[in-house]
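Content type compact mmCIF, C-alpha atoms and all ligand atoms, from the file final29.txt:
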```txt
# COMPACT_ATOMS: atom_id res chain seq x y z
CA MET U 1 -53.73 15.32 -34.60
CA ALA U 2 -51.63 17.39 -37.00
CA ASP U 3 -51.75 20.34 -34.56
CA HIS U 4 -50.70 18.13 -31.72
CA ARG U 5 -47.69 16.97 -33.74
CA ARG U 6 -46.67 20.49 -34.62
CA THR U 7 -46.21 21.38 -30.96
CA ILE U 8 -43.67 18.59 -30.36
CA PRO U 9 -40.30 20.32 -29.81
CA ARG U 10 -37.87 19.88 -32.70
CA THR U 11 -34.59 18.04 -32.27
CA ASP U 12 -32.37 21.11 -32.77
CA THR U 13 -34.45 23.13 -30.31
CA LEU U 14 -34.05 20.40 -27.72
CA LEU U 15 -30.33 20.00 -28.40
CA ALA U 16 -29.87 23.72 -27.79
CA ASP U 17 -31.25 23.43 -24.24
CA PRO U 18 -28.35 24.01 -21.81
CA ARG U 19 -29.27 20.94 -19.74
CA LEU U 20 -29.08 18.73 -22.80
CA ALA U 21 -25.85 20.41 -23.91
CA GLU U 22 -24.44 19.43 -20.52
CA ALA U 23 -25.74 15.89 -20.96
CA ARG U 24 -24.01 15.69 -24.36
CA ARG U 25 -20.68 16.58 -22.75
CA ARG U 26 -21.29 13.91 -20.12
CA LEU U 27 -22.79 11.12 -22.25
CA GLY U 28 -21.99 11.87 -25.88
CA HIS U 29 -24.23 13.00 -28.73
CA ALA U 30 -25.58 9.60 -29.77
CA GLN U 31 -27.10 8.73 -26.40
CA VAL U 32 -28.78 12.13 -26.03
CA LYS U 33 -30.09 12.04 -29.60
CA ALA U 34 -31.53 8.55 -29.07
CA ALA U 35 -33.36 9.72 -25.92
CA ILE U 36 -34.76 12.72 -27.86
CA VAL U 37 -35.97 10.54 -30.73
CA ALA U 38 -37.62 8.10 -28.31
CA ALA U 39 -39.43 10.90 -26.42
CA GLN U 40 -40.58 12.56 -29.66
CA ARG U 41 -41.96 9.23 -30.86
CA ARG U 42 -43.93 8.81 -27.64
CA ALA U 43 -45.32 12.33 -28.10
CA ARG U 44 -46.31 11.60 -31.73
CA GLU U 45 -48.07 8.44 -30.60
CA GLY U 46 -49.96 10.43 -28.00
CA ASP U 47 -48.26 8.74 -25.01
CA LEU U 48 -46.56 11.93 -23.85
CA PRO U 49 -47.82 15.53 -23.81
CA PRO U 50 -45.53 17.59 -26.13
CA LYS U 51 -44.80 19.95 -23.23
CA GLU U 52 -43.20 17.09 -21.32
CA VAL U 53 -40.79 15.92 -24.02
CA LEU U 54 -37.77 17.74 -22.57
CA THR U 55 -38.51 16.47 -19.04
CA ALA U 56 -38.86 12.92 -20.37
CA VAL U 57 -35.53 13.15 -22.20
CA LEU U 58 -33.78 14.43 -19.06
CA ALA U 59 -35.36 11.68 -16.95
CA ALA U 60 -34.30 8.99 -19.43
CA LEU U 61 -30.63 10.01 -19.43
CA PRO U 62 -28.32 8.20 -17.01
CA ALA U 63 -26.13 10.11 -14.56
CA SER U 64 -22.91 8.72 -15.98
CA ALA U 65 -21.53 7.38 -19.24
CA SER U 66 -20.89 4.06 -17.51
CA GLY U 67 -23.76 1.70 -16.75
CA LEU U 68 -22.20 0.82 -13.39
CA ARG U 69 -24.13 2.37 -10.52
CA PRO U 70 -22.69 3.17 -7.12
CA VAL U 71 -24.58 1.31 -4.39
CA ILE U 72 -24.49 1.21 -0.60
CA ASN U 73 -23.47 -2.17 0.78
CA ALA U 74 -25.50 -2.67 3.96
CA THR U 75 -25.39 -6.47 3.69
CA GLY U 76 -22.74 -6.83 6.38
CA VAL U 77 -20.64 -8.83 3.91
CA LEU U 78 -17.46 -6.75 3.83
CA LEU U 79 -16.15 -8.08 0.51
CA HIS U 80 -19.26 -8.73 -1.54
CA THR U 81 -18.30 -10.36 -4.84
CA ASN U 82 -21.44 -9.15 -6.63
CA LEU U 83 -20.72 -5.62 -5.43
CA GLY U 84 -17.17 -5.61 -6.76
CA ARG U 85 -15.35 -6.81 -3.61
CA ALA U 86 -13.14 -4.14 -1.98
CA PRO U 87 -14.13 -0.47 -2.38
CA LEU U 88 -11.04 1.68 -3.07
CA SER U 89 -9.75 4.22 -0.56
CA ALA U 90 -10.03 7.93 -1.36
CA ALA U 91 -6.27 7.91 -2.00
CA ALA U 92 -6.59 5.04 -4.48
CA ARG U 93 -9.49 6.75 -6.28
CA GLN U 94 -7.41 9.88 -6.61
CA ALA U 95 -4.52 7.82 -7.98
CA VAL U 96 -6.90 6.25 -10.52
CA GLU U 97 -8.00 9.69 -11.67
CA LEU U 98 -4.39 10.80 -12.14
CA ALA U 99 -3.27 7.61 -13.86
CA ALA U 100 -6.20 7.70 -16.25
CA GLY U 101 -4.44 10.36 -18.29
CA VAL U 102 -1.02 10.18 -19.93
CA THR U 103 1.54 8.91 -17.39
CA ASP U 104 5.15 7.77 -17.14
CA VAL U 105 4.06 4.20 -16.34
CA GLU U 106 6.83 2.72 -18.49
CA LEU U 107 9.17 5.63 -19.03
CA ASP U 108 12.19 6.83 -17.09
CA LEU U 109 11.88 10.61 -17.11
CA ASP U 110 15.57 11.04 -16.10
CA THR U 111 17.02 9.14 -19.02
CA GLY U 112 14.12 9.46 -21.46
CA GLY U 113 14.36 5.72 -22.04
CA ARG U 114 12.03 2.88 -21.18
CA GLY U 115 11.50 2.33 -17.48
CA ARG U 116 10.32 -0.74 -15.59
CA ARG U 117 6.54 -0.83 -15.94
CA GLY U 118 4.81 0.11 -12.68
CA ARG U 119 8.11 0.38 -10.80
CA THR U 120 6.70 2.57 -8.00
CA ALA U 121 3.83 0.13 -7.36
CA LEU U 122 6.33 -2.76 -7.30
CA ALA U 123 8.54 -0.82 -4.89
CA ALA U 124 5.57 -0.24 -2.57
CA LEU U 125 4.78 -3.97 -2.57
CA ALA U 126 8.43 -4.86 -1.95
CA ALA U 127 8.52 -2.45 0.99
CA ALA U 128 5.32 -3.95 2.41
CA VAL U 129 6.73 -7.49 2.16
CA PRO U 130 10.48 -7.33 2.92
CA SER U 131 10.60 -11.16 2.98
CA ALA U 132 9.99 -11.24 -0.79
CA GLU U 133 13.03 -11.03 -3.07
CA ALA U 134 10.83 -10.00 -5.99
CA VAL U 135 7.25 -9.07 -6.85
CA HIS U 136 5.04 -9.29 -9.92
CA VAL U 137 1.47 -8.08 -10.58
CA VAL U 138 -1.12 -9.68 -12.89
CA ASN U 139 -4.87 -9.39 -13.50
CA ASN U 140 -6.14 -11.43 -10.56
CA ASN U 141 -5.11 -14.31 -8.35
CA ALA U 142 -6.42 -16.83 -10.90
CA ALA U 143 -4.03 -15.26 -13.42
CA ALA U 144 -1.15 -15.48 -10.92
CA LEU U 145 -1.81 -19.19 -10.48
CA ALA U 146 -2.20 -19.76 -14.22
CA LEU U 147 1.11 -18.00 -14.84
CA ALA U 148 2.94 -19.98 -12.14
CA ALA U 149 1.48 -23.28 -13.37
CA THR U 150 2.31 -22.50 -17.00
CA ALA U 151 5.85 -21.31 -16.38
CA LEU U 152 6.78 -23.96 -13.82
CA ALA U 153 4.69 -27.05 -14.53
CA ALA U 154 3.22 -27.11 -18.08
CA GLY U 155 3.96 -30.58 -19.50
CA GLY U 156 4.75 -31.77 -16.00
CA GLU U 157 2.92 -32.27 -12.73
CA ILE U 158 1.54 -30.11 -9.94
CA VAL U 159 1.49 -31.94 -6.63
CA ILE U 160 -1.53 -30.84 -4.59
CA SER U 161 -3.54 -32.17 -1.63
CA ARG U 162 -7.06 -33.53 -2.28
CA GLY U 163 -8.20 -31.32 0.60
CA GLU U 164 -7.21 -28.23 -1.37
CA LEU U 165 -9.00 -28.84 -4.69
CA ILE U 166 -11.37 -25.94 -4.23
CA GLU U 167 -14.17 -24.17 -6.08
CA ILE U 168 -14.07 -20.42 -5.44
CA GLY U 169 -17.49 -19.28 -6.64
CA ASP U 170 -19.56 -18.88 -9.78
CA GLY U 171 -18.35 -22.33 -10.84
CA PHE U 172 -14.65 -21.36 -10.82
CA ARG U 173 -12.73 -24.51 -9.93
CA LEU U 174 -9.07 -24.11 -9.23
CA PRO U 175 -8.12 -27.61 -10.51
CA ASP U 176 -9.74 -26.84 -13.90
CA LEU U 177 -7.66 -23.68 -14.19
CA LEU U 178 -4.45 -25.51 -13.31
CA VAL U 179 -5.12 -28.31 -15.83
CA SER U 180 -5.95 -25.77 -18.56
CA THR U 181 -2.29 -24.68 -18.50
CA GLY U 182 -1.16 -28.09 -19.75
CA ALA U 183 0.01 -29.31 -16.35
CA ARG U 184 -1.29 -32.53 -14.81
CA LEU U 185 -2.48 -32.68 -11.24
CA ARG U 186 -0.87 -35.23 -8.99
CA GLU U 187 -3.43 -35.40 -6.19
CA VAL U 188 -2.14 -36.54 -2.83
CA GLY U 189 -3.71 -37.39 0.53
CA MET U 190 -7.42 -37.47 1.30
CA THR U 191 -10.13 -34.83 1.54
CA ASN U 192 -9.74 -34.58 5.30
CA ARG U 193 -6.16 -35.73 5.87
CA THR U 194 -2.91 -35.26 4.03
CA ALA U 195 0.47 -36.20 5.51
CA ILE U 196 4.01 -35.17 4.61
CA ALA U 197 4.65 -38.75 3.41
CA ASP U 198 1.90 -38.32 0.80
CA TYR U 199 3.82 -35.43 -0.71
CA ALA U 200 7.17 -37.19 -0.36
CA ASP U 201 5.87 -40.23 -2.28
CA ALA U 202 4.43 -38.12 -5.09
CA ILE U 203 7.31 -35.75 -5.79
CA GLY U 204 9.42 -37.05 -8.67
CA PRO U 205 11.22 -36.08 -11.86
CA ARG U 206 7.98 -34.85 -13.48
CA THR U 207 7.07 -32.51 -10.62
CA GLY U 208 7.04 -28.90 -11.79
CA MET U 209 5.78 -27.45 -8.54
CA VAL U 210 4.08 -28.32 -5.28
CA LEU U 211 1.01 -26.17 -4.66
CA LYS U 212 -0.37 -25.32 -1.23
CA VAL U 213 -3.82 -23.71 -1.47
CA HIS U 214 -5.53 -21.92 1.38
CA PRO U 215 -9.08 -23.36 1.41
CA SER U 216 -10.37 -19.83 1.85
CA ASN U 217 -14.11 -20.39 1.71
CA TYR U 218 -14.77 -23.52 3.75
CA ARG U 219 -13.43 -25.35 6.76
CA ILE U 220 -13.03 -29.02 7.44
CA GLU U 221 -13.42 -29.94 11.08
CA GLY U 222 -13.03 -33.16 13.01
CA PHE U 223 -10.56 -35.89 12.02
CA THR U 224 -8.34 -33.71 9.89
CA ASP U 225 -4.69 -33.06 9.21
CA ASP U 226 -2.77 -31.09 6.65
CA VAL U 227 0.87 -30.22 6.11
CA SER U 228 2.06 -26.75 7.06
CA VAL U 229 4.02 -24.58 4.65
CA ALA U 230 7.03 -24.84 6.98
CA ARG U 231 7.14 -28.67 6.83
CA LEU U 232 6.33 -28.79 3.15
CA SER U 233 9.03 -26.28 2.29
CA ALA U 234 11.70 -28.37 3.99
CA LEU U 235 10.69 -31.34 1.83
CA CYS U 236 10.53 -29.25 -1.35
CA ARG U 237 13.96 -27.80 -0.69
CA GLU U 238 15.38 -31.27 -0.16
CA ARG U 239 13.85 -32.44 -3.46
CA ASP U 240 14.64 -29.20 -5.26
CA VAL U 241 11.07 -28.44 -6.43
CA PRO U 242 9.44 -25.04 -6.03
CA LEU U 243 6.70 -24.65 -3.42
CA VAL U 244 3.97 -22.26 -4.52
CA GLY U 245 1.37 -21.06 -2.01
CA ASP U 246 -2.03 -19.60 -2.90
CA ALA U 247 -2.81 -17.49 0.17
CA GLY U 248 -6.03 -16.22 -1.37
CA SER U 249 -7.25 -13.31 0.65
CA GLY U 250 -4.47 -10.76 0.29
CA LEU U 251 -3.15 -10.27 3.80
CA LEU U 252 0.47 -9.19 3.44
CA SER U 253 1.19 -9.69 7.14
CA PRO U 254 -0.71 -11.38 10.00
CA GLU U 255 -4.10 -9.92 10.94
CA PRO U 256 -4.83 -10.57 14.63
CA LEU U 257 -8.60 -10.42 14.05
CA LEU U 258 -8.36 -13.29 11.56
CA PRO U 259 -5.85 -15.71 13.11
CA ARG U 260 -6.69 -18.53 10.66
CA GLU U 261 -6.10 -16.47 7.53
CA PRO U 262 -2.62 -17.06 6.10
CA ASP U 263 -0.54 -14.06 5.07
CA VAL U 264 2.14 -13.61 2.45
CA THR U 265 4.98 -12.68 4.85
CA SER U 266 4.46 -15.68 7.14
CA TRP U 267 4.31 -18.14 4.25
CA LEU U 268 7.48 -16.70 2.72
CA ASN U 269 9.22 -16.82 6.11
CA ASP U 270 8.07 -20.43 6.42
CA GLY U 271 9.93 -21.20 3.21
CA ALA U 272 7.40 -20.91 0.35
CA ASP U 273 9.21 -20.06 -2.89
CA LEU U 274 6.29 -18.13 -4.39
CA VAL U 275 3.09 -16.86 -2.80
CA THR U 276 0.10 -15.61 -4.79
CA THR U 277 -2.86 -13.60 -3.57
CA SER U 278 -5.73 -11.32 -4.67
CA GLY U 279 -5.56 -7.53 -4.59
CA ASP U 280 -9.27 -6.85 -4.06
CA LYS U 281 -9.99 -8.98 -1.01
CA LEU U 282 -8.56 -8.16 2.43
CA LEU U 283 -5.77 -6.06 0.94
CA GLY U 284 -8.59 -3.66 0.02
CA GLY U 285 -7.28 -2.64 -3.40
CA PRO U 286 -8.15 -2.99 -7.08
CA GLN U 287 -8.71 -6.34 -8.78
CA CYS U 288 -5.27 -7.82 -9.42
CA GLY U 289 -3.15 -10.81 -8.55
CA LEU U 290 0.11 -10.48 -6.64
CA LEU U 291 3.10 -12.81 -6.84
CA PHE U 292 5.85 -12.60 -4.21
CA GLY U 293 8.94 -14.70 -3.76
CA ARG U 294 12.27 -15.92 -5.07
CA ALA U 295 13.83 -13.55 -7.60
CA ASP U 296 14.75 -16.29 -10.11
CA LEU U 297 11.21 -17.70 -10.14
CA VAL U 298 9.49 -14.30 -10.35
CA ASP U 299 11.82 -13.45 -13.20
CA ARG U 300 10.94 -16.66 -15.04
CA LEU U 301 7.24 -15.87 -14.69
CA ARG U 302 7.71 -12.25 -15.70
CA ARG U 303 9.54 -13.23 -18.89
CA HIS U 304 7.08 -15.95 -19.90
CA PRO U 305 5.07 -14.96 -23.02
CA LEU U 306 1.82 -15.52 -21.13
CA ALA U 307 2.78 -12.74 -18.70
CA ARG U 308 2.02 -10.16 -21.39
CA ALA U 309 -1.55 -11.41 -21.71
CA LEU U 310 -2.07 -11.11 -17.96
CA ARG U 311 -0.48 -7.74 -17.29
CA VAL U 312 -2.40 -4.98 -15.55
CA ASP U 313 -3.02 -1.46 -16.79
CA LYS U 314 -1.68 1.80 -15.40
CA VAL U 315 -4.92 2.54 -13.57
CA THR U 316 -4.70 -0.70 -11.59
CA LEU U 317 -1.03 -0.12 -10.81
CA ALA U 318 -1.82 3.36 -9.49
CA ALA U 319 -4.70 2.15 -7.30
CA LEU U 320 -2.59 -0.74 -6.02
CA GLU U 321 0.30 1.50 -5.03
CA ALA U 322 -2.00 3.96 -3.23
CA THR U 323 -3.63 1.01 -1.43
CA VAL U 324 -0.36 -0.52 -0.27
CA ALA U 325 1.56 2.66 0.56
CA GLY U 326 -1.35 4.96 1.39
CA PRO U 327 -3.82 5.39 4.25
CA ARG U 328 -5.92 2.57 5.71
CA THR U 329 -8.43 1.12 3.26
CA PRO U 330 -12.23 1.07 3.69
CA THR U 331 -11.92 -2.72 3.99
CA TRP U 332 -9.50 -2.35 6.92
CA GLU U 333 -11.78 0.24 8.54
CA SER U 334 -14.81 -2.06 8.19
CA LEU U 335 -12.93 -5.03 9.58
CA HIS U 336 -11.66 -3.05 12.56
CA ALA U 337 -14.77 -0.93 13.25
CA ASP U 338 -15.50 -0.97 16.95
CA GLN U 339 -18.83 -2.55 17.86
CA GLU U 340 -19.81 0.24 20.28
CA THR U 341 -19.40 2.82 17.52
CA LEU U 342 -21.48 0.68 15.16
CA ARG U 343 -24.12 0.34 17.86
CA SER U 344 -24.40 4.08 18.44
CA ARG U 345 -24.57 4.73 14.67
CA ALA U 346 -27.42 2.18 14.43
CA GLU U 347 -29.24 3.78 17.37
CA SER U 348 -28.92 7.26 15.96
CA LEU U 349 -30.11 6.18 12.51
CA ALA U 350 -33.05 4.20 13.93
CA ALA U 351 -34.08 7.21 16.06
CA ARG U 352 -33.94 9.55 13.06
CA MET U 353 -36.08 7.07 11.07
CA ARG U 354 -38.62 6.74 13.89
CA ASP U 355 -38.85 10.57 13.97
CA LYS U 356 -40.19 10.27 10.41
CA GLY U 357 -42.71 7.63 11.37
CA ILE U 358 -40.71 4.62 10.18
CA ASP U 359 -40.75 1.42 12.18
CA ALA U 360 -37.00 1.07 12.83
CA GLU U 361 -34.97 -0.50 15.61
CA ALA U 362 -31.26 -0.84 16.36
CA VAL U 363 -30.27 -4.49 16.78
CA GLY U 364 -27.12 -6.55 17.20
CA SER U 365 -25.88 -8.32 14.09
CA ARG U 366 -23.07 -10.50 12.78
CA SER U 367 -21.02 -9.46 9.74
CA VAL U 368 -18.80 -11.71 7.65
CA VAL U 369 -15.65 -11.04 5.65
CA GLY U 370 -17.04 -12.58 2.43
CA GLY U 371 -15.33 -12.70 -0.94
CA GLY U 372 -14.45 -16.27 -0.09
CA GLY U 373 -12.43 -15.30 2.97
CA ALA U 374 -12.34 -16.26 6.65
CA PRO U 375 -14.93 -19.07 6.57
CA GLY U 376 -16.71 -19.60 9.86
CA VAL U 377 -15.61 -16.20 11.21
CA SER U 378 -18.28 -13.64 12.04
CA LEU U 379 -17.70 -10.16 13.41
CA PRO U 380 -20.02 -8.57 16.00
CA SER U 381 -21.89 -5.72 14.35
CA ALA U 382 -24.98 -3.51 14.64
CA ALA U 383 -27.85 -2.98 12.25
CA VAL U 384 -31.04 -1.04 11.75
CA ALA U 385 -33.96 -3.49 11.47
CA LEU U 386 -36.85 -2.51 9.19
CA ASP U 387 -39.94 -4.17 7.72
CA ARG U 388 -38.72 -6.95 5.42
CA ARG U 389 -40.50 -5.42 2.41
CA MET U 390 -38.07 -2.53 2.59
CA ALA U 391 -35.25 -4.74 1.25
CA ALA U 392 -36.63 -4.91 -2.30
CA ALA U 393 -37.72 -1.25 -2.25
CA LEU U 394 -34.27 -0.07 -1.10
CA ARG U 395 -32.62 -1.73 -4.10
CA ARG U 396 -34.52 0.80 -6.21
CA ALA U 397 -33.48 3.78 -4.05
CA GLU U 398 -31.05 6.38 -5.37
CA PRO U 399 -28.36 5.28 -4.74
CA PRO U 400 -29.55 1.68 -4.37
CA VAL U 401 -29.10 0.24 -0.87
CA LEU U 402 -28.37 -3.48 -0.51
CA ALA U 403 -29.71 -4.87 2.76
CA ARG U 404 -29.80 -8.36 4.28
CA VAL U 405 -33.01 -10.21 5.04
CA GLU U 406 -32.74 -12.18 8.26
CA ASN U 407 -35.46 -13.59 10.57
CA ASP U 408 -38.09 -11.96 8.38
CA ARG U 409 -36.61 -8.51 8.85
CA CYS U 410 -34.67 -6.17 6.60
CA LEU U 411 -31.32 -5.45 8.25
CA LEU U 412 -29.06 -2.55 7.37
CA ASP U 413 -25.75 -3.83 8.75
CA LEU U 414 -23.45 -0.90 9.39
CA ARG U 415 -20.08 -2.69 9.47
CA SER U 416 -19.96 -2.69 5.67
CA VAL U 417 -21.16 0.95 5.43
CA PRO U 418 -18.57 3.73 5.88
CA ALA U 419 -19.81 6.16 8.57
CA GLU U 420 -19.80 9.03 6.08
CA HIS U 421 -22.56 7.25 4.14
CA ASP U 422 -25.03 7.18 7.05
CA ASP U 423 -26.85 10.30 5.84
CA THR U 424 -27.19 8.88 2.33
CA LEU U 425 -28.48 5.63 3.81
CA LEU U 426 -31.05 7.56 5.84
CA ALA U 427 -32.11 9.61 2.82
CA GLY U 428 -32.58 6.38 0.84
CA VAL U 429 -34.84 4.88 3.52
CA LEU U 430 -36.89 8.10 3.82
CA ALA U 431 -37.30 8.38 0.05
CA VAL U 432 -38.46 4.77 -0.25
CA GLN U 433 -40.84 5.14 2.69
CA THR U 434 -42.63 8.16 1.20
CA ARG U 435 -42.88 6.40 -2.17
CA GLU U 436 -44.44 3.21 -0.75
C1 LIG T 1 -10.30 -15.69 -4.20
C2 LIG T 1 -9.35 -16.80 -4.36
C3 LIG T 1 -8.83 -17.11 -5.63
C4 LIG T 1 -9.25 -16.36 -6.86
O1 LIG T 1 -8.76 -15.07 -6.81
P1 LIG T 1 -9.18 -13.99 -7.92
O2 LIG T 1 -8.39 -12.78 -7.55
O3 LIG T 1 -10.65 -13.81 -7.79
O4 LIG T 1 -8.80 -14.55 -9.24
C5 LIG T 1 -7.92 -18.14 -5.73
N1 LIG T 1 -7.54 -18.84 -4.64
C6 LIG T 1 -8.01 -18.56 -3.40
C7 LIG T 1 -7.53 -19.38 -2.26
C8 LIG T 1 -8.93 -17.53 -3.22
O5 LIG T 1 -9.39 -17.27 -2.00
```

The structure given in the file should be rewritten as structure tokens.
Ligand SMILES: *Cc1c(COP(=O)(O)O)cnc(C)c1O
Amino acid sequence: MADHRRTIPRTDTLLADPRLAEARRRLGHAQVKAAIVAAQRRAREGDLPPKEVLTAVLAALPASASGLRPVINATGVLLHTNLGRAPLSAAARQAVELAAGVTDVELDLDTGGRGRRGRTALAALAAAVPSAEAVHVVNNNAAALALAATALAAGGEIVISRGELIEIGDGFRLPDLLVSTGARLREVGMTNRTAIADYADAIGPRTGMVLKVHPSNYRIEGFTDDVSVARLSALCRERDVPLVGDAGSGLLSPEPLLPREPDVTSWLNDGADLVTTSGDKLLGGPQCGLLFGRADLVDRLRRHPLARALRVDKVTLAALEATVAGPRTPTWESLHADQETLRSRAESLAARMRDKGIDAEAVGSRSVVGGGGAPGVSLPSAAVALDRRMAAALRRAEPPVLARVENDRCLLDLRSVPAEHDDTLLAGVLAVQTRE
């Protein structure tokens, strides 16, 4: 026993190994030391041959100092909330890397004095939405709504249709958020029908704002009616109350593939005073909330004390600017991917899998936008169909692959997978197959 213990490599010997020195630069001393201590303990207890201590330490160490792991989204859900919604473009990732250091985010290098925080990102947004007099950026769309409600309606009322009192997901209910700001909701109309007269009757001296919410994740069909932004804005102008629109999904201008999704430009042109939206849905950028609209209102929001608690960091501003002013985003590419191309990618992948003895077949599929966007819309796609048991196994691949189980088969839907990841996807399937 004593002999066995003597052959366990000592901590300083292990720390001197070049691979562990590299791991210390990557992960820090404490994490590497903890892995060494754990492996030595296993060796002392006889669970690990002393010769294998170094290998065990290396195997126990994660690839990155962050616990987040990159995964391949083959679910066919383009904006998967549990997978972090929109993946950033290469340009946005590069901007993140640059901004992560010391930057001039709030400094004017010409004068040496303070500059407007994130002015280049704001300029990019203003250029993308010429209909907006002013722009402001906060942490997410919920924050944009909270800021608007607080600055415009706290202590007063928000007039909103009963058909637009929505829950977004994970128990997040928009009405609860609005009420938490100290505003009261003045609900008008019915779940399925709201008329202009309902709004007209409700607007009064206590009205702080009228809110129009895009019911982004469900659709009411049948005997329904709602009031368009154009009609509502005429009424709001007449009564001198601001009309705020929550457009939800982040389209800055109309997207022909998603004709029912509202966009910021159209709502502003229709007379909305402020429009809010998310940055990490169809816009394809980082998590943030965007506010566009009348300069006096944006200024009021920007100067409200709450604005400071909701402001975004330099890294988000950099990614946002590169998303808005830079090349097409992965989200745009996925949305617009041509079905024939998806089909030939699926066929080629399935053939390469069959070459390795895997039961794989290219099949037609339907993708969805997801992230609470474009309810009822599905996009024609193509997938590789595998044995359903592969779905769980692929989650443990390196990198993990998220598939969709449908009709008792495991589908790898390619609309949500960038073409340059096909080889990684294939490698994941092959690795899992040999392990099973
Ligand atoms: C997604 C969504 C929100 C919430 O946006 P976050 O950016 O996740 O805070 C609010 N309203 C609508 C209509 C949405 O679609």

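Candidate residues U:Leu48, U:Leu379, U:Ala143, U:Leu235 were compared for distance to His4 in chain U, and the nearest is U:Leu48, using only C-alpha atoms.
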
If you count all atoms listed in the file, which residues fall within 8 Å of range 91-102 of chain U, apart from same-chain ones fewer than 2 positions away, as a PDB file with C-alpha atoms, in the frame of the given file?
```
ATOM      1  CA  LEU U  88     -11.040   1.680  -3.070  1.00  0.00           C
ATOM      2  CA  SER U  89      -9.750   4.220  -0.560  1.00  0.00           C
ATOM      3  CA  ASP U 104       5.150   7.770 -17.140  1.00  0.00           C
ATOM      4  CA  GLY U 285      -7.280  -2.640  -3.400  1.00  0.00           C
ATOM      5  CA  LYS U 314      -1.680   1.800 -15.400  1.00  0.00           C
ATOM      6  CA  VAL U 315      -4.920   2.540 -13.570  1.00  0.00           C
ATOM      7  CA  THR U 316      -4.700  -0.700 -11.590  1.00  0.00           C
ATOM      8  CA  ALA U 318      -1.820   3.360  -9.490  1.00  0.00           C
ATOM      9  CA  ALA U 319      -4.700   2.150  -7.300  1.00  0.00           C
ATOM     10  CA  LEU U 320      -2.590  -0.740  -6.020  1.00  0.00           C
ATOM     11  CA  GLU U 321       0.300   1.500  -5.030  1.00  0.00           C
ATOM     12  CA  ALA U 322      -2.000   3.960  -3.230  1.00  0.00           C
ATOM     13  CA  THR U 323      -3.630   1.010  -1.430  1.00  0.00           C
ATOM     14  CA  GLY U 326      -1.350   4.960   1.390  1.00  0.00           C
ATOM     15  CA  PRO U 327      -3.820   5.390   4.250  1.00  0.00           C
TER      16      PRO U 327
END
```

Worksheet item: Could you tell me, as a PyMOL selection string, which residues have any atom at most 12 Å from (-29.2, -8.4, 18.8), counting only C-alpha atoms?
Response: chain U and resi 339+343+346+361-366+380-385+406-407+411+413

Dump of C-alpha atoms for the selected residues, as a PDB file, in the coordinates of the input:
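To be explicit, this is the file written out as selection_21.pdb:
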```
ATOM      1  CA  GLN U 339     -18.830  -2.550  17.860  1.00  0.00           C
ATOM      2  CA  ARG U 343     -24.120   0.340  17.860  1.00  0.00           C
ATOM      3  CA  ALA U 346     -27.420   2.180  14.430  1.00  0.00           C
ATOM      4  CA  GLU U 361     -34.970  -0.500  15.610  1.00  0.00           C
ATOM      5  CA  ALA U 362     -31.260  -0.840  16.360  1.00  0.00           C
ATOM      6  CA  VAL U 363     -30.270  -4.490  16.780  1.00  0.00           C
ATOM      7  CA  GLY U 364     -27.120  -6.550  17.200  1.00  0.00           C
ATOM      8  CA  SER U 365     -25.880  -8.320  14.090  1.00  0.00           C
ATOM      9  CA  ARG U 366     -23.070 -10.500  12.780  1.00  0.00           C
ATOM     10  CA  PRO U 380     -20.020  -8.570  16.000  1.00  0.00           C
ATOM     11  CA  SER U 381     -21.890  -5.720  14.350  1.00  0.00           C
ATOM     12  CA  ALA U 382     -24.980  -3.510  14.640  1.00  0.00           C
ATOM     13  CA  ALA U 383     -27.850  -2.980  12.250  1.00  0.00           C
ATOM     14  CA  VAL U 384     -31.040  -1.040  11.750  1.00  0.00           C
ATOM     15  CA  ALA U 385     -33.960  -3.490  11.470  1.00  0.00           C
ATOM     16  CA  GLU U 406     -32.740 -12.180   8.260  1.00  0.00           C
ATOM     17  CA  ASN U 407     -35.460 -13.590  10.570  1.00  0.00           C
ATOM     18  CA  LEU U 411     -31.320  -5.450   8.250  1.00  0.00           C
ATOM     19  CA  ASP U 413     -25.750  -3.830   8.750  1.00  0.00           C
TER      20      ASP U 413
END
```

Worksheet entry | Neighbourhood of ligand LIG 1 (chain T) at 10 Å, counting all atoms listed in the file, reported as a PyMOL selection string | chain U and resi 81+85+138-146+164-169+172-174+212-217+245-250+262+276-281+286-290+370-374

Discussion item. Using Å and a single decimal, report how far CA of Arg206 in chain U sits from CA of Arg239 in chain U.
Written reply: 11.9 Å

Quick one: residues within 12 Å of Asp359 in chain U, all atoms listed in the file counted, chain neighbours fewer than 3 positions away excluded, as a compact mmCIF listing (two decimals) with C-alpha atoms, in the frame of the given file?
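Here's the written file result_28.txt:
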```
# COMPACT_ATOMS: atom_id res chain seq x y z
CA LEU U 349 -30.11 6.18 12.51
CA ALA U 350 -33.05 4.20 13.93
CA ALA U 351 -34.08 7.21 16.06
CA ARG U 352 -33.94 9.55 13.06
CA MET U 353 -36.08 7.07 11.07
CA ARG U 354 -38.62 6.74 13.89
CA ASP U 355 -38.85 10.57 13.97
CA LYS U 356 -40.19 10.27 10.41
CA ALA U 362 -31.26 -0.84 16.36
CA VAL U 384 -31.04 -1.04 11.75
CA ALA U 385 -33.96 -3.49 11.47
CA LEU U 386 -36.85 -2.51 9.19
CA ASP U 387 -39.94 -4.17 7.72
CA ARG U 388 -38.72 -6.95 5.42
CA ARG U 389 -40.50 -5.42 2.41
CA MET U 390 -38.07 -2.53 2.59
CA ARG U 409 -36.61 -8.51 8.85
CA CYS U 410 -34.67 -6.17 6.60
CA VAL U 429 -34.84 4.88 3.52
CA LEU U 430 -36.89 8.10 3.82
CA GLN U 433 -40.84 5.14 2.69
```
